[in-house]
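Quick look at target.cif (mmCIF, C-alpha atoms, pLDDT in the B column; chains and numbers go by the auth columns):
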```
data_target
#
loop_
_atom_site.group_PDB
_atom_site.id
_atom_site.type_symbol
_atom_site.label_atom_id
_atom_site.label_comp_id
_atom_site.label_asym_id
_atom_site.label_seq_id
_atom_site.Cartn_x
_atom_site.Cartn_y
_atom_site.Cartn_z
_atom_site.B_iso_or_equiv
_atom_site.auth_seq_id
_atom_site.auth_asym_id
ATOM 1 C CA MET A 1 0.000 0.000 0.000 51.00 23 A
ATOM 2 C CA PRO A 2 1.424 3.419 -0.864 50.00 24 A
ATOM 3 C CA ASN A 3 2.330 5.982 1.749 55.00 25 A
ATOM 4 C CA GLY A 4 0.843 9.389 1.288 53.00 26 A
ATOM 5 C CA SER A 5 -2.411 11.231 1.257 56.00 27 A
ATOM 6 C CA GLY A 6 -5.811 9.722 1.868 57.00 28 A
ATOM 7 C CA LEU A 7 -6.710 10.270 -1.795 57.00 29 A
ATOM 8 C CA SER A 8 -3.819 8.141 -3.063 62.00 30 A
ATOM 9 C CA LYS A 9 -4.786 5.380 -0.584 62.00 31 A
ATOM 10 C CA LEU A 10 -8.366 5.547 -1.848 61.00 32 A
ATOM 11 C CA VAL A 11 -7.192 5.280 -5.468 60.00 33 A
ATOM 12 C CA TYR A 12 -4.943 2.344 -4.529 64.00 34 A
ATOM 13 C CA PHE A 13 -7.794 0.450 -2.857 63.00 35 A
ATOM 14 C CA ALA A 14 -10.147 1.204 -5.754 66.00 36 A
ATOM 15 C CA LYS A 15 -7.607 -0.249 -8.197 68.00 37 A
ATOM 16 C CA GLU A 16 -7.118 -3.323 -6.013 71.00 38 A
ATOM 17 C CA LYS A 17 -10.877 -3.881 -5.836 68.00 39 A
ATOM 18 C CA LYS A 18 -11.222 -3.503 -9.620 67.00 40 A
ATOM 19 C CA MET A 19 -8.393 -5.996 -10.218 66.00 41 A
ATOM 20 C CA ALA A 20 -10.058 -8.502 -7.883 64.00 42 A
ATOM 21 C CA GLU A 21 -13.351 -8.096 -9.763 64.00 43 A
ATOM 22 C CA LEU A 22 -11.586 -8.659 -13.084 58.00 44 A
ATOM 23 C CA ASP A 23 -9.873 -11.776 -11.733 58.00 45 A
ATOM 24 C CA ASN A 24 -13.249 -13.177 -10.730 57.00 46 A
ATOM 25 C CA LYS A 25 -14.671 -12.496 -14.202 58.00 47 A
ATOM 26 C CA VAL A 26 -11.699 -13.961 -16.068 55.00 48 A
ATOM 27 C CA LEU A 27 -11.237 -17.093 -13.966 55.00 49 A
ATOM 28 C CA PRO A 28 -14.094 -18.755 -12.135 56.00 50 A
ATOM 29 C CA GLU A 29 -13.598 -20.118 -8.618 60.00 51 A
ATOM 30 C CA GLY A 30 -10.878 -22.722 -8.499 63.00 52 A
ATOM 31 C CA GLY A 31 -8.860 -20.960 -11.223 63.00 53 A
ATOM 32 C CA GLU A 32 -10.221 -23.222 -13.977 72.00 54 A
ATOM 33 C CA GLN A 33 -10.554 -21.866 -17.480 73.00 55 A
ATOM 34 C CA PRO A 34 -14.178 -21.722 -18.677 75.00 56 A
ATOM 35 C CA GLU A 35 -14.962 -24.255 -21.388 82.00 57 A
ATOM 36 C CA ALA A 36 -15.209 -22.750 -24.857 82.00 58 A
ATOM 37 C CA PRO A 37 -18.523 -23.271 -26.666 83.00 59 A
ATOM 38 C CA GLN A 38 -18.437 -26.327 -28.896 87.00 60 A
ATOM 39 C CA LEU A 39 -20.173 -26.864 -32.240 88.00 61 A
ATOM 40 C CA SER A 40 -20.002 -30.308 -33.828 90.00 62 A
ATOM 41 C CA LEU A 41 -20.558 -31.362 -37.426 91.00 63 A
ATOM 42 C CA GLN A 42 -23.682 -33.102 -36.129 91.00 64 A
ATOM 43 C CA ASP A 43 -24.957 -29.724 -34.836 92.00 65 A
ATOM 44 C CA ILE A 44 -24.315 -28.159 -38.238 91.00 66 A
ATOM 45 C CA ALA A 45 -26.137 -31.003 -40.018 92.00 67 A
ATOM 46 C CA THR A 46 -29.099 -30.492 -37.671 92.00 68 A
ATOM 47 C CA PHE A 47 -29.062 -26.759 -38.527 92.00 69 A
ATOM 48 C CA VAL A 48 -29.360 -27.613 -42.243 93.00 70 A
ATOM 49 C CA GLN A 49 -32.161 -30.062 -41.470 94.00 71 A
ATOM 50 C CA ILE A 50 -34.061 -27.375 -39.545 93.00 72 A
ATOM 51 C CA ILE A 51 -33.776 -24.973 -42.504 93.00 73 A
ATOM 52 C CA ASP A 52 -35.238 -27.698 -44.761 93.00 74 A
ATOM 53 C CA ILE A 53 -38.122 -28.434 -42.377 93.00 75 A
ATOM 54 C CA VAL A 54 -39.048 -24.776 -41.902 93.00 76 A
ATOM 55 C CA SER A 55 -38.845 -24.177 -45.650 91.00 77 A
ATOM 56 C CA ARG A 56 -41.161 -27.146 -46.367 91.00 78 A
ATOM 57 C CA ARG A 57 -43.644 -25.796 -43.836 92.00 79 A
ATOM 58 C CA GLY A 58 -43.665 -22.360 -45.472 92.00 80 A
ATOM 59 C CA GLY A 59 -41.863 -20.632 -42.615 92.00 81 A
ATOM 60 C CA PHE A 60 -39.919 -18.214 -44.815 91.00 82 A
ATOM 61 C CA GLU A 61 -41.162 -15.278 -46.883 91.00 83 A
ATOM 62 C CA GLY A 62 -40.300 -15.254 -50.592 87.00 84 A
ATOM 63 C CA GLN A 63 -37.789 -12.415 -50.317 90.00 85 A
ATOM 64 C CA GLU A 64 -35.936 -14.316 -47.561 92.00 86 A
ATOM 65 C CA LEU A 65 -35.495 -17.522 -49.548 90.00 87 A
ATOM 66 C CA GLU A 66 -32.469 -16.411 -51.570 91.00 88 A
ATOM 67 C CA ALA A 67 -30.458 -15.421 -48.481 93.00 89 A
ATOM 68 C CA ILE A 68 -31.516 -18.528 -46.554 93.00 90 A
ATOM 69 C CA GLY A 69 -30.773 -20.788 -49.526 92.00 91 A
ATOM 70 C CA GLY A 70 -27.344 -19.201 -49.942 93.00 92 A
ATOM 71 C CA LEU A 71 -26.580 -19.659 -46.238 93.00 93 A
ATOM 72 C CA ARG A 72 -27.740 -23.264 -46.420 92.00 94 A
ATOM 73 C CA SER A 73 -25.509 -23.915 -49.448 93.00 95 A
ATOM 74 C CA ARG A 74 -22.441 -22.463 -47.684 93.00 96 A
ATOM 75 C CA VAL A 75 -23.143 -24.478 -44.538 93.00 97 A
ATOM 76 C CA VAL A 76 -23.565 -27.711 -46.534 92.00 98 A
ATOM 77 C CA ALA A 77 -20.299 -27.012 -48.410 92.00 99 A
ATOM 78 C CA PHE A 78 -18.514 -26.435 -45.078 92.00 100 A
ATOM 79 C CA LEU A 79 -20.057 -29.592 -43.606 91.00 101 A
ATOM 80 C CA ASN A 80 -18.986 -31.696 -46.579 91.00 102 A
ATOM 81 C CA ALA A 81 -15.442 -30.277 -46.609 91.00 103 A
ATOM 82 C CA ALA A 82 -15.013 -30.727 -42.864 90.00 104 A
ATOM 83 C CA SER A 83 -16.332 -34.293 -43.030 89.00 105 A
ATOM 84 C CA GLU A 84 -14.001 -35.124 -45.928 89.00 106 A
ATOM 85 C CA SER A 85 -11.001 -33.741 -44.047 89.00 107 A
ATOM 86 C CA GLN A 86 -11.859 -36.097 -41.172 87.00 108 A
ATOM 87 C CA GLY A 87 -12.327 -39.016 -43.567 88.00 109 A
ATOM 88 C CA LYS A 88 -16.010 -39.387 -42.707 86.00 110 A
ATOM 89 C CA ASP A 89 -19.349 -39.034 -44.444 85.00 111 A
ATOM 90 C CA ALA A 90 -21.340 -35.897 -43.602 84.00 112 A
ATOM 91 C CA PRO A 91 -23.628 -36.630 -40.652 83.00 113 A
ATOM 92 C CA GLU A 92 -27.395 -36.476 -40.847 83.00 114 A
ATOM 93 C CA GLY A 93 -29.411 -34.024 -38.758 82.00 115 A
ATOM 94 C CA LEU A 94 -30.810 -35.149 -35.420 78.00 116 A
ATOM 95 C CA VAL A 95 -34.373 -33.865 -35.838 80.00 117 A
ATOM 96 C CA PRO A 96 -36.656 -36.903 -36.098 81.00 118 A
ATOM 97 C CA GLU A 97 -38.558 -37.167 -39.359 77.00 119 A
ATOM 98 C CA ALA A 98 -42.270 -36.453 -38.978 74.00 120 A
ATOM 99 C CA PRO A 99 -44.668 -38.926 -40.613 68.00 121 A
ATOM 100 C CA ALA A 100 -46.045 -37.761 -43.979 62.00 122 A
ATOM 101 C CA GLY A 101 -48.793 -35.203 -43.598 59.00 123 A
ATOM 102 C CA ASP A 102 -47.653 -34.085 -40.150 54.00 124 A
ATOM 103 C CA ASP A 103 -45.718 -31.128 -41.593 52.00 125 A
ATOM 104 C CA LEU A 104 -48.744 -28.869 -41.578 52.00 126 A
ATOM 105 C CA PRO A 105 -50.785 -27.870 -38.548 54.00 127 A
ATOM 106 C CA GLU A 106 -54.153 -29.536 -38.138 56.00 128 A
ATOM 107 C CA GLU A 107 -57.057 -27.461 -39.389 56.00 129 A
ATOM 108 C CA VAL A 108 -59.599 -26.617 -36.712 52.00 130 A
ATOM 109 C CA GLU A 109 -63.136 -25.423 -37.361 63.00 131 A
ATOM 110 C CA ALA A 110 -63.882 -22.053 -35.779 57.00 132 A
ATOM 111 C CA GLU A 111 -66.756 -22.027 -33.316 65.00 133 A
ATOM 112 C CA GLU A 112 -69.390 -19.345 -33.520 64.00 134 A
ATOM 113 C CA VAL A 113 -69.335 -16.991 -30.528 62.00 135 A
ATOM 114 C CA ASN A 114 -72.700 -15.645 -29.335 58.00 136 A
#
```
Full structure transcribed into structure tokens:
Amino acid sequence: MPNGSGLSKLVYFAKEKKMAELDNKVLPEGGEQPEAPQLSLQDIATFVQIIDIVSRRGGFEGQELEAIGGLRSRVVAFLNAASESQGKDAPEGLVPEAPAGDDLPEEVEAEEVN
């Protein structure tokens, strides 16, 4: 701790407190590094599958389709290249296939309100 005026002591303690707060944000208790987010090729394949399902169900507006289709194409190209570099086939998405006809919501008759 520095010798001197009360103001310099106050500044010193404020800096010490700030450093302690930063240490707590950077390293969690125990000093372990936080785990980096992970994204697998399986996750990417599921992302492509979700785009296909939403597109089949009419979830995108016409003007959005070009951008979404382009994104899907780039993701599929990345997935295929990454799978090839690992000597594997591209994985399939994890979303279970719905039976035929289950893609659209069930129509419900409106009841008359009196």
Return the single residue from A:Ser95, A:Gln60, A:Thr68, A:Gln85 that is closest to Gly115 of chain A, with distances computed using all atoms listed in the file.
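Closest residue, counting all atoms listed in the file: A:Thr68.
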Pick from A:Gln71, A:Asp65, A:Leu93, A:Glu54 nearest to Pro118 of chain A, counting all atoms listed in the file
A:Gln71
Go through the shown structure with the PyMOL selection byres ((chain A and resi 73-82) around 10) and write out the matching residues as a ChimeraX atom specification.
/A:68-72,83-87,90-91,93-94,117,119-120,124-127
Would you translate the PyMOL selection byres ((chain A and resi 64) around 8) into the concrete set of residues it matches in this file, as a list in words?
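Evaluating the PyMOL selection byres ((chain A and resi 64) around 8) on these coordinates yields Ser62, Leu63, Asp65, Ile66, Ala67, Thr68, Pro113, Glu114, Gly115 and Leu116 of chain A.
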To one decimal place in Å, what is the distance between atom CA of Arg96 of chain A and atom CA of Asp111 of chain A?
17.2 Å
Atom-to-atom span, atom CA of Val98 of chain A and atom CA of Lys110 of chain A, Å:
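Taking atom CA of Val98 of chain A and atom CA of Lys110 of chain A, their separation equals 14.4 Å.
With atom CA of Asn102 of chain A on one side and atom CA of Leu61 of chain A on the other, the separation reads 15.2 Å.
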Is there a way to complete segment 108-123 of chain A with N, CA and C atoms and then write that out as an mmCIF file, in the coordinates of the input?
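Here's the written file part.cif:
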```
data_model
loop_
_atom_site.group_PDB
_atom_site.id
_atom_site.type_symbol
_atom_site.label_atom_id
_atom_site.label_comp_id
_atom_site.auth_asym_id
_atom_site.auth_seq_id
_atom_site.Cartn_x
_atom_site.Cartn_y
_atom_site.Cartn_z
ATOM 1 N N GLN A 108 -11.918 -35.136 -42.277
ATOM 2 C CA GLN A 108 -11.859 -36.097 -41.172
ATOM 3 C C GLN A 108 -12.022 -37.532 -41.664
ATOM 4 N N GLY A 109 -12.178 -37.685 -42.987
ATOM 5 C CA GLY A 109 -12.327 -39.016 -43.567
ATOM 6 C C GLY A 109 -13.656 -39.667 -43.239
ATOM 7 N N LYS A 110 -14.688 -38.864 -43.062
ATOM 8 C CA LYS A 110 -16.010 -39.387 -42.707
ATOM 9 C C LYS A 110 -17.044 -38.874 -43.685
ATOM 10 N N ASP A 111 -18.204 -39.543 -43.692
ATOM 11 C CA ASP A 111 -19.349 -39.034 -44.444
ATOM 12 C C ASP A 111 -19.991 -37.925 -43.625
ATOM 13 N N ALA A 112 -20.643 -36.979 -44.308
ATOM 14 C CA ALA A 112 -21.340 -35.897 -43.602
ATOM 15 C C ALA A 112 -22.459 -36.498 -42.763
ATOM 16 N N PRO A 113 -22.577 -36.077 -41.505
ATOM 17 C CA PRO A 113 -23.628 -36.630 -40.652
ATOM 18 C C PRO A 113 -25.009 -36.137 -41.061
ATOM 19 N N GLU A 114 -26.005 -36.873 -40.645
ATOM 20 C CA GLU A 114 -27.395 -36.476 -40.847
ATOM 21 C C GLU A 114 -27.833 -35.638 -39.664
ATOM 22 N N GLY A 115 -28.861 -34.817 -39.853
ATOM 23 C CA GLY A 115 -29.411 -34.024 -38.758
ATOM 24 C C GLY A 115 -30.076 -34.907 -37.715
ATOM 25 N N LEU A 116 -30.247 -34.382 -36.523
ATOM 26 C CA LEU A 116 -30.810 -35.149 -35.420
ATOM 27 C C LEU A 116 -32.309 -34.957 -35.220
ATOM 28 N N VAL A 117 -32.937 -34.087 -36.008
ATOM 29 C CA VAL A 117 -34.373 -33.865 -35.838
ATOM 30 C C VAL A 117 -35.098 -35.076 -36.402
ATOM 31 N N PRO A 118 -35.946 -35.718 -35.595
ATOM 32 C CA PRO A 118 -36.656 -36.903 -36.098
ATOM 33 C C PRO A 118 -37.588 -36.523 -37.244
ATOM 34 N N GLU A 119 -37.674 -37.399 -38.223
ATOM 35 C CA GLU A 119 -38.558 -37.167 -39.359
ATOM 36 C C GLU A 119 -40.009 -37.326 -38.915
ATOM 37 N N ALA A 120 -40.843 -36.373 -39.288
ATOM 38 C CA ALA A 120 -42.270 -36.453 -38.978
ATOM 39 C C ALA A 120 -42.934 -37.339 -40.019
ATOM 40 N N PRO A 121 -43.937 -38.123 -39.627
ATOM 41 C CA PRO A 121 -44.668 -38.926 -40.613
ATOM 42 C C PRO A 121 -45.287 -38.017 -41.681
ATOM 43 N N ALA A 122 -45.472 -38.545 -42.872
ATOM 44 C CA ALA A 122 -46.045 -37.761 -43.979
ATOM 45 C C ALA A 122 -47.377 -37.156 -43.558
ATOM 46 N N GLY A 123 -47.551 -35.896 -43.913
ATOM 47 C CA GLY A 123 -48.793 -35.203 -43.598
ATOM 48 C C GLY A 123 -48.759 -34.480 -42.265
#
```
